[in-house]
Protein chains: 2
Amino acid sequence: MVHAESMRRRRLEPDARREQILSVAIRHFGSRPYAEVSTTDVARDAGVARGLVNHYFGTKKDLYLEVVRVMLTVPEVALEQLPEGDLPERADSIVGYFLDVVSRHSTSWLAATGAGGMAGDADVKQVIAEAVDVAAAGVLRAVGMGDDPSPALRAMSRSYVGLAIWTAQEWLQRGVLTRDQVHALLATSLLALVDRVFPQAV
Amino acid sequence: MVHAESMRRRRLEPDARREQILSVAIRHFGSRPYAEVSTTDVARDAGVARGLVNHYFGTKKDLYLEVVRVMLTVPEVALEQLPEGDLPERADSIVGYFLDVVSRHSTSWLAATGAGGMAGDADVKQVIAEAVDVAAAGVLRAVGMGDDPSPALRAMSRSYVGLAIWTAQEWLQRGVLTRDQVHALLATSLLALVDRVFPQAV
DNA sequence: AGCACTATTGGCGATGTGTCAATAAGCTCG
DNA sequence: CGAGCTTATTGACACATCGCCAATAGTGCT
């Protein structure tokens with residue numbers, strides 16, 4: 001008997017209930033792919049009727065979008081304090097910061113980018129794209145090119161973020177690269193881009 | 001009346017029928033995400049009972065895997081003739097070759113690498129990973145490091161392939177970068193990696 | 001023409017999803 | 001403290017899709 005006390009209905013504040021269901025959904029979507037998670041699973045684990053999930057989140061995909069949004073929003077906090085120093089130092093520290101965050105929340109981050117790194121659905125793509133945009137802007141600021149960047153420059157920065165995501169996945173999932181190797185790869189790539197490619201797209 | 005002649009059943013060789021259904025499936029999965037394609041759609045467009053699709057391909061996901069496999073296999077042909085010249089020249093030509101292939105089959109290639117909305121499925125990942133491995137090996141050969149590469153080196157090469165895929169998607173889907181800019185980004189990135197990062201992982 | 005082989009069909013059962021009227025939990029007010 | 005009201009929550013209905021399998025009917029062969 002899993003839910004001894006919930007034999008009887010319990011009425012929660014909408015915000016509380018919503019957040020509770022969301023946390024359960026995060027756990028489920030974080031541990032297996034979208035198609036293998038049913039709203040029934042989420043509802044059961046939340047001790048709630050399935051209809052309530054739809055009531056709070058609309059469709060299943062909407063719930064999933066909310067989950068991905070949360071998973072991707074965690075890392076992007078506190079990118080604010082930019083370190084001082086010359087370019088190589090700043091590149092180093094932003095890469096280090098990225099790897100820290102990513103390895104700390106590795107499971108959820110992998111789920112979000114893995115499900116999203118290859119998104120097929122338009123809405124999912126949109127959510128990922130927004131997170132990538134934020135990260136790309138952060139990179140440009142970190143390397144001192146963040147003042148009114150051209151569309152082309154932002155696009156190139158997004159490409160670099162793609163490299164970072166891809167490499168971090170490679171690192172965390174396959175485990176053949178060491179952290180130092182990953183760090184070196186990302187840092188020198190960034191420096192090369194800033195030196196020789198970004199200037200072409202002022 | 002769409003299928004005037006197929007009002008009556010027609011019996012085909014298993015291979016022919018299989019390929020016909022597969023081509024229809026490619027068209028469908030190439031134009032919209034996985035979840036929005038039903039086996040009923042495919043069967044109807046192929047002028048065939050839905051059960052036959054399962055008979056030839058098993059489950060819907062199996063059919064999808066077959067489709068992705070085909071889409072990804074197209075580009076990887078004819079990577080054989082490696083150009084002569086010094087390193088920058090060879091890097092240039094492999095990048096150019098990649099962009100040629102990718103832009104020629106842009107729609108199907110985008111669908112395949114975008115992975116059609118199958119969020120994080122293990123089997124789909126596997127298929128993509130194999131294609132990436134092949135491409136990564138090609139890159140290493142092109143830059144003259146293809147003889148018995150270490151696991152770490154292959155991992156780094158996969159990272160570069162990730163950058164290439166990501167950047168090509170950025171190029172083809174958003175259209176803010178020019179081909180020359182993409183080419184420059186990928187070529188100089190590759191050179192930087194070969195110069196300063198790959199040597200660390202002999 | 002009749003027969004055998006098998007490609008092909010059509011429907012059954014199971015699973016999942018979105019919706020909506022009905023229900024009851026918990027607060028407020030007399 | 002009980003009645004009533006608000007609304008969080010339920011349960012079931014309708015619909016779509018999928019995998020499966022026995023029945024059916026092309027098609028070549030004797």
# chains A, B, ... in the order shown; residues from 1 in each chain; ligands from 1

$ calpha_fit_rmsd --fixed "chain B" --moving "chain A"
1.1 Å

$ interface_residues --of "chain D" --to "chain A" --cutoff "9 Å" --atoms "only C-alpha atoms (C1' of nucleotides)" --output "CSV table (one decimal) with C-alpha atoms (C1' of nucleotides), in the first residue's frame"
chain,number,residue,atom,x,y,z
D,8,DA,C1',-9.6,21.1,-6.8
D,9,DT,C1',-10.2,16.5,-8.1
D,10,DT,C1',-12.1,12.5,-9.9
D,11,DG,C1',-13.9,8.9,-13.1

$ residues_around --residues "Asp62 of chain B" --least-positions-apart "4" --cutoff "12 Å" --atoms "only C-alpha atoms (C1' of nucleotides)" --output "list in words"
Leu22, Ala25, Tyr34, Thr39, Val53, Asn54, His55, Tyr56, Phe57, Gly58, Glu66, Val67, Val68, Arg69, Asp121, Asp123, Val124 and Val127 of chain B

$ interface_residues --of "chain C" --to "chain B" --cutoff "8 Å" --atoms "only C-alpha atoms (C1' of nucleotides)" --output "ChimeraX atom specification"
/C:7-9

$ write_last_selection --atoms "C-alpha atoms (C1' of nucleotides)" --output "short mmCIF file (atom, residue, chain, number, x, y, z; two decimals), in the first residue's frame"
data_model
loop_
_atom_site.label_atom_id
_atom_site.label_comp_id
_atom_site.auth_asym_id
_atom_site.auth_seq_id
_atom_site.Cartn_x
_atom_site.Cartn_y
_atom_site.Cartn_z
"C1'" DA C 7 1.75 -11.85 -50.18
"C1'" DT C 8 -1.90 -9.31 -48.41
"C1'" DT C 9 -5.89 -8.10 -45.98
#

$ closest_residue --among "A:Leu82, A:Leu186, A:Leu191, A:Leu163" --to "chain B" --atoms "only C-alpha atoms"
A:Leu163

$ residues_around --residues "DT6 of chain D" --least-positions-apart "4" --cutoff "12 Å" --atoms "only C-alpha atoms (C1' of nucleotides)" --output "PDB file with N, CA and C atoms (P, O5', C5', C4', C3', O3' and C1' of nucleotides), in the first residue's frame"
ATOM      1  P    DA C  24     -18.812  12.020  -3.635  1.00  0.00           P
ATOM      2  O5'  DA C  24     -17.742  12.876  -2.824  1.00  0.00           O
ATOM      3  C5'  DA C  24     -16.360  12.693  -3.077  1.00  0.00           C
ATOM      4  C4'  DA C  24     -15.574  13.924  -2.657  1.00  0.00           C
ATOM      5  C3'  DA C  24     -15.817  14.375  -1.206  1.00  0.00           C
ATOM      6  O3'  DA C  24     -14.614  14.865  -0.682  1.00  0.00           O
ATOM      7  C1'  DA C  24     -16.277  16.139  -2.649  1.00  0.00           C
ATOM      8  P    DA C  25     -13.943  14.157   0.628  1.00  0.00           P
ATOM      9  O5'  DA C  25     -12.714  15.129   0.964  1.00  0.00           O
ATOM     10  C5'  DA C  25     -11.751  15.392  -0.042  1.00  0.00           C
ATOM     11  C4'  DA C  25     -11.312  16.850  -0.024  1.00  0.00           C
ATOM     12  C3'  DA C  25     -11.128  17.444   1.379  1.00  0.00           C
ATOM     13  O3'  DA C  25      -9.959  18.227   1.376  1.00  0.00           O
ATOM     14  C1'  DA C  25     -12.665  18.757   0.138  1.00  0.00           C
ATOM     15  P    DG C  26      -9.154  18.482   2.705  1.00  0.00           P
ATOM     16  O5'  DG C  26      -9.485  20.020   3.014  1.00  0.00           O
ATOM     17  C5'  DG C  26      -9.138  21.011   2.056  1.00  0.00           C
ATOM     18  C4'  DG C  26      -9.953  22.268   2.264  1.00  0.00           C
ATOM     19  C3'  DG C  26      -9.991  22.798   3.716  1.00  0.00           C
ATOM     20  O3'  DG C  26      -9.818  24.193   3.657  1.00  0.00           O
ATOM     21  C1'  DG C  26     -12.151  22.646   2.873  1.00  0.00           C
ATOM     22  P    DC C  27      -9.060  24.916   4.918  1.00  0.00           P
ATOM     23  O5'  DC C  27      -9.557  26.422   4.735  1.00  0.00           O
ATOM     24  C5'  DC C  27      -9.623  26.987   3.427  1.00  0.00           C
ATOM     25  C4'  DC C  27     -10.901  27.803   3.265  1.00  0.00           C
ATOM     26  C3'  DC C  27     -11.215  28.734   4.454  1.00  0.00           C
ATOM     27  O3'  DC C  27     -11.273  30.068   3.993  1.00  0.00           O
ATOM     28  C1'  DC C  27     -13.142  27.473   3.793  1.00  0.00           C
ATOM     29  P    DT C  28     -11.434  31.305   5.032  1.00  0.00           P
ATOM     30  O5'  DT C  28     -12.977  31.661   4.860  1.00  0.00           O
ATOM     31  C5'  DT C  28     -13.542  31.705   3.556  1.00  0.00           C
ATOM     32  C4'  DT C  28     -15.017  32.047   3.654  1.00  0.00           C
ATOM     33  C3'  DT C  28     -15.377  33.055   4.743  1.00  0.00           C
ATOM     34  O3'  DT C  28     -16.398  33.919   4.273  1.00  0.00           O
ATOM     35  C1'  DT C  28     -16.561  31.041   5.115  1.00  0.00           C
TER      36       DT C  28
END

$ interface_residues --of "chain B" --to "chain A" --cutoff "8 Å" --atoms "only C-alpha atoms" --output "PDB file with N, CA and C atoms, in the first residue's frame"
ATOM      1  N   PRO B  33       7.684  15.415 -37.895  1.00  0.00           N
ATOM      2  CA  PRO B  33       8.280  14.627 -36.814  1.00  0.00           C
ATOM      3  C   PRO B  33       7.629  13.263 -36.620  1.00  0.00           C
ATOM      4  N   TYR B  34       8.356  12.416 -35.963  1.00  0.00           N
ATOM      5  CA  TYR B  34       7.982  11.027 -35.721  1.00  0.00           C
ATOM      6  C   TYR B  34       6.558  10.868 -35.215  1.00  0.00           C
ATOM      7  N   ALA B 111      16.300  16.190 -41.467  1.00  0.00           N
ATOM      8  CA  ALA B 111      15.342  15.341 -40.765  1.00  0.00           C
ATOM      9  C   ALA B 111      16.061  14.267 -39.975  1.00  0.00           C
ATOM     10  N   THR B 113      19.358  14.120 -38.886  1.00  0.00           N
ATOM     11  CA  THR B 113      20.161  14.597 -37.762  1.00  0.00           C
ATOM     12  C   THR B 113      19.274  15.249 -36.716  1.00  0.00           C
ATOM     13  N   GLY B 114      18.188  15.862 -37.166  1.00  0.00           N
ATOM     14  CA  GLY B 114      17.218  16.391 -36.218  1.00  0.00           C
ATOM     15  C   GLY B 114      16.522  15.262 -35.508  1.00  0.00           C
ATOM     16  N   ALA B 115      16.649  14.064 -36.056  1.00  0.00           N
ATOM     17  CA  ALA B 115      16.165  12.831 -35.433  1.00  0.00           C
ATOM     18  C   ALA B 115      14.680  12.857 -35.156  1.00  0.00           C
ATOM     19  N   GLY B 116      13.944  13.525 -35.977  1.00  0.00           N
ATOM     20  CA  GLY B 116      12.498  13.373 -36.084  1.00  0.00           C
ATOM     21  C   GLY B 116      11.651  13.414 -34.837  1.00  0.00           C
ATOM     22  N   GLY B 117      12.165  13.843 -33.725  1.00  0.00           N
ATOM     23  CA  GLY B 117      11.275  14.006 -32.586  1.00  0.00           C
ATOM     24  C   GLY B 117      11.214  12.817 -31.673  1.00  0.00           C
ATOM     25  N   MET B 118      12.019  11.843 -31.952  1.00  0.00           N
ATOM     26  CA  MET B 118      12.128  10.704 -31.054  1.00  0.00           C
ATOM     27  C   MET B 118      13.040  11.157 -29.917  1.00  0.00           C
ATOM     28  N   ALA B 119      12.467  11.569 -28.831  1.00  0.00           N
ATOM     29  CA  ALA B 119      13.278  12.210 -27.798  1.00  0.00           C
ATOM     30  C   ALA B 119      14.093  11.195 -27.007  1.00  0.00           C
ATOM     31  N   GLY B 120      15.359  11.151 -27.300  1.00  0.00           N
ATOM     32  CA  GLY B 120      16.257  10.388 -26.447  1.00  0.00           C
ATOM     33  C   GLY B 120      16.113   8.889 -26.512  1.00  0.00           C
ATOM     34  N   ASP B 121      15.562   8.367 -27.583  1.00  0.00           N
ATOM     35  CA  ASP B 121      15.448   6.926 -27.676  1.00  0.00           C
ATOM     36  C   ASP B 121      16.815   6.291 -27.878  1.00  0.00           C
ATOM     37  N   PRO B 151      41.412   5.871 -28.638  1.00  0.00           N
ATOM     38  CA  PRO B 151      40.008   6.174 -28.299  1.00  0.00           C
ATOM     39  C   PRO B 151      39.785   7.655 -28.039  1.00  0.00           C
ATOM     40  N   ALA B 152      40.726   8.277 -27.337  1.00  0.00           N
ATOM     41  CA  ALA B 152      40.567   9.698 -27.032  1.00  0.00           C
ATOM     42  C   ALA B 152      40.562  10.527 -28.311  1.00  0.00           C
ATOM     43  N   ALA B 155      37.345  10.188 -29.993  1.00  0.00           N
ATOM     44  CA  ALA B 155      36.321  10.948 -29.268  1.00  0.00           C
ATOM     45  C   ALA B 155      36.392  12.425 -29.650  1.00  0.00           C
ATOM     46  N   MET B 156      37.592  12.954 -29.703  1.00  0.00           N
ATOM     47  CA  MET B 156      37.749  14.359 -30.083  1.00  0.00           C
ATOM     48  C   MET B 156      37.260  14.588 -31.501  1.00  0.00           C
ATOM     49  N   SER B 159      33.680  14.913 -31.511  1.00  0.00           N
ATOM     50  CA  SER B 159      33.269  16.245 -31.086  1.00  0.00           C
ATOM     51  C   SER B 159      33.274  17.212 -32.266  1.00  0.00           C
ATOM     52  N   TYR B 160      34.319  17.120 -33.063  1.00  0.00           N
ATOM     53  CA  TYR B 160      34.394  18.012 -34.221  1.00  0.00           C
ATOM     54  C   TYR B 160      33.240  17.737 -35.176  1.00  0.00           C
ATOM     55  N   GLY B 162      30.407  16.722 -34.361  1.00  0.00           N
ATOM     56  CA  GLY B 162      29.264  17.368 -33.726  1.00  0.00           C
ATOM     57  C   GLY B 162      29.201  18.845 -34.059  1.00  0.00           C
ATOM     58  N   LEU B 163      30.339  19.501 -33.995  1.00  0.00           N
ATOM     59  CA  LEU B 163      30.375  20.915 -34.372  1.00  0.00           C
ATOM     60  C   LEU B 163      29.923  21.105 -35.814  1.00  0.00           C
ATOM     61  N   TRP B 166      26.140  20.551 -36.088  1.00  0.00           N
ATOM     62  CA  TRP B 166      25.434  21.651 -35.454  1.00  0.00           C
ATOM     63  C   TRP B 166      25.501  22.909 -36.328  1.00  0.00           C
ATOM     64  N   THR B 167      26.683  23.201 -36.820  1.00  0.00           N
ATOM     65  CA  THR B 167      26.868  24.402 -37.618  1.00  0.00           C
ATOM     66  C   THR B 167      26.116  24.311 -38.946  1.00  0.00           C
ATOM     67  N   GLU B 170      22.558  25.010 -38.238  1.00  0.00           N
ATOM     68  CA  GLU B 170      22.435  26.457 -38.071  1.00  0.00           C
ATOM     69  C   GLU B 170      22.379  27.150 -39.429  1.00  0.00           C
ATOM     70  N   VAL B 176      21.259  32.469 -41.432  1.00  0.00           N
ATOM     71  CA  VAL B 176      21.889  33.763 -41.162  1.00  0.00           C
ATOM     72  C   VAL B 176      23.364  33.744 -41.565  1.00  0.00           C
ATOM     73  N   LEU B 177      23.986  32.597 -41.549  1.00  0.00           N
ATOM     74  CA  LEU B 177      25.380  32.520 -41.989  1.00  0.00           C
ATOM     75  C   LEU B 177      25.449  32.222 -43.489  1.00  0.00           C
ATOM     76  N   GLN B 181      31.128  31.713 -44.635  1.00  0.00           N
ATOM     77  CA  GLN B 181      31.366  31.856 -43.201  1.00  0.00           C
ATOM     78  C   GLN B 181      31.386  30.505 -42.508  1.00  0.00           C
ATOM     79  N   ALA B 184      34.597  28.746 -43.361  1.00  0.00           N
ATOM     80  CA  ALA B 184      35.735  29.282 -42.614  1.00  0.00           C
ATOM     81  C   ALA B 184      35.711  28.794 -41.171  1.00  0.00           C
ATOM     82  N   LEU B 185      34.539  28.836 -40.567  1.00  0.00           N
ATOM     83  CA  LEU B 185      34.429  28.404 -39.175  1.00  0.00           C
ATOM     84  C   LEU B 185      34.876  26.953 -39.002  1.00  0.00           C
ATOM     85  N   THR B 188      38.884  26.448 -39.980  1.00  0.00           N
ATOM     86  CA  THR B 188      39.859  26.927 -39.000  1.00  0.00           C
ATOM     87  C   THR B 188      39.708  26.187 -37.676  1.00  0.00           C
ATOM     88  N   SER B 189      38.486  25.815 -37.324  1.00  0.00           N
ATOM     89  CA  SER B 189      38.317  25.004 -36.120  1.00  0.00           C
ATOM     90  C   SER B 189      39.074  23.698 -36.250  1.00  0.00           C
ATOM     91  N   ALA B 192      42.784  24.252 -35.931  1.00  0.00           N
ATOM     92  CA  ALA B 192      43.185  24.519 -34.551  1.00  0.00           C
ATOM     93  C   ALA B 192      43.214  23.230 -33.739  1.00  0.00           C
ATOM     94  N   LEU B 193      42.207  22.402 -33.933  1.00  0.00           N
ATOM     95  CA  LEU B 193      42.166  21.146 -33.188  1.00  0.00           C
ATOM     96  C   LEU B 193      43.336  20.249 -33.563  1.00  0.00           C
ATOM     97  N   ARG B 196      46.618  21.871 -32.039  1.00  0.00           N
ATOM     98  CA  ARG B 196      46.889  22.055 -30.617  1.00  0.00           C
ATOM     99  C   ARG B 196      46.202  21.073 -29.685  1.00  0.00           C
ATOM    100  N   VAL B 197      45.167  20.377 -30.146  1.00  0.00           N
ATOM    101  CA  VAL B 197      44.421  19.520 -29.220  1.00  0.00           C
ATOM    102  C   VAL B 197      44.623  18.045 -29.519  1.00  0.00           C
ATOM    103  N   GLN B 200      47.533  16.001 -28.116  1.00  0.00           N
ATOM    104  CA  GLN B 200      47.497  15.598 -26.706  1.00  0.00           C
ATOM    105  C   GLN B 200      46.909  14.209 -26.517  1.00  0.00           C
TER     106      GLN B 200
END

$ atom_distance --atom1 "atom C1' of DC3 of chain C" --atom2 "atom C1' of DT24 of chain D"
15.9 Å
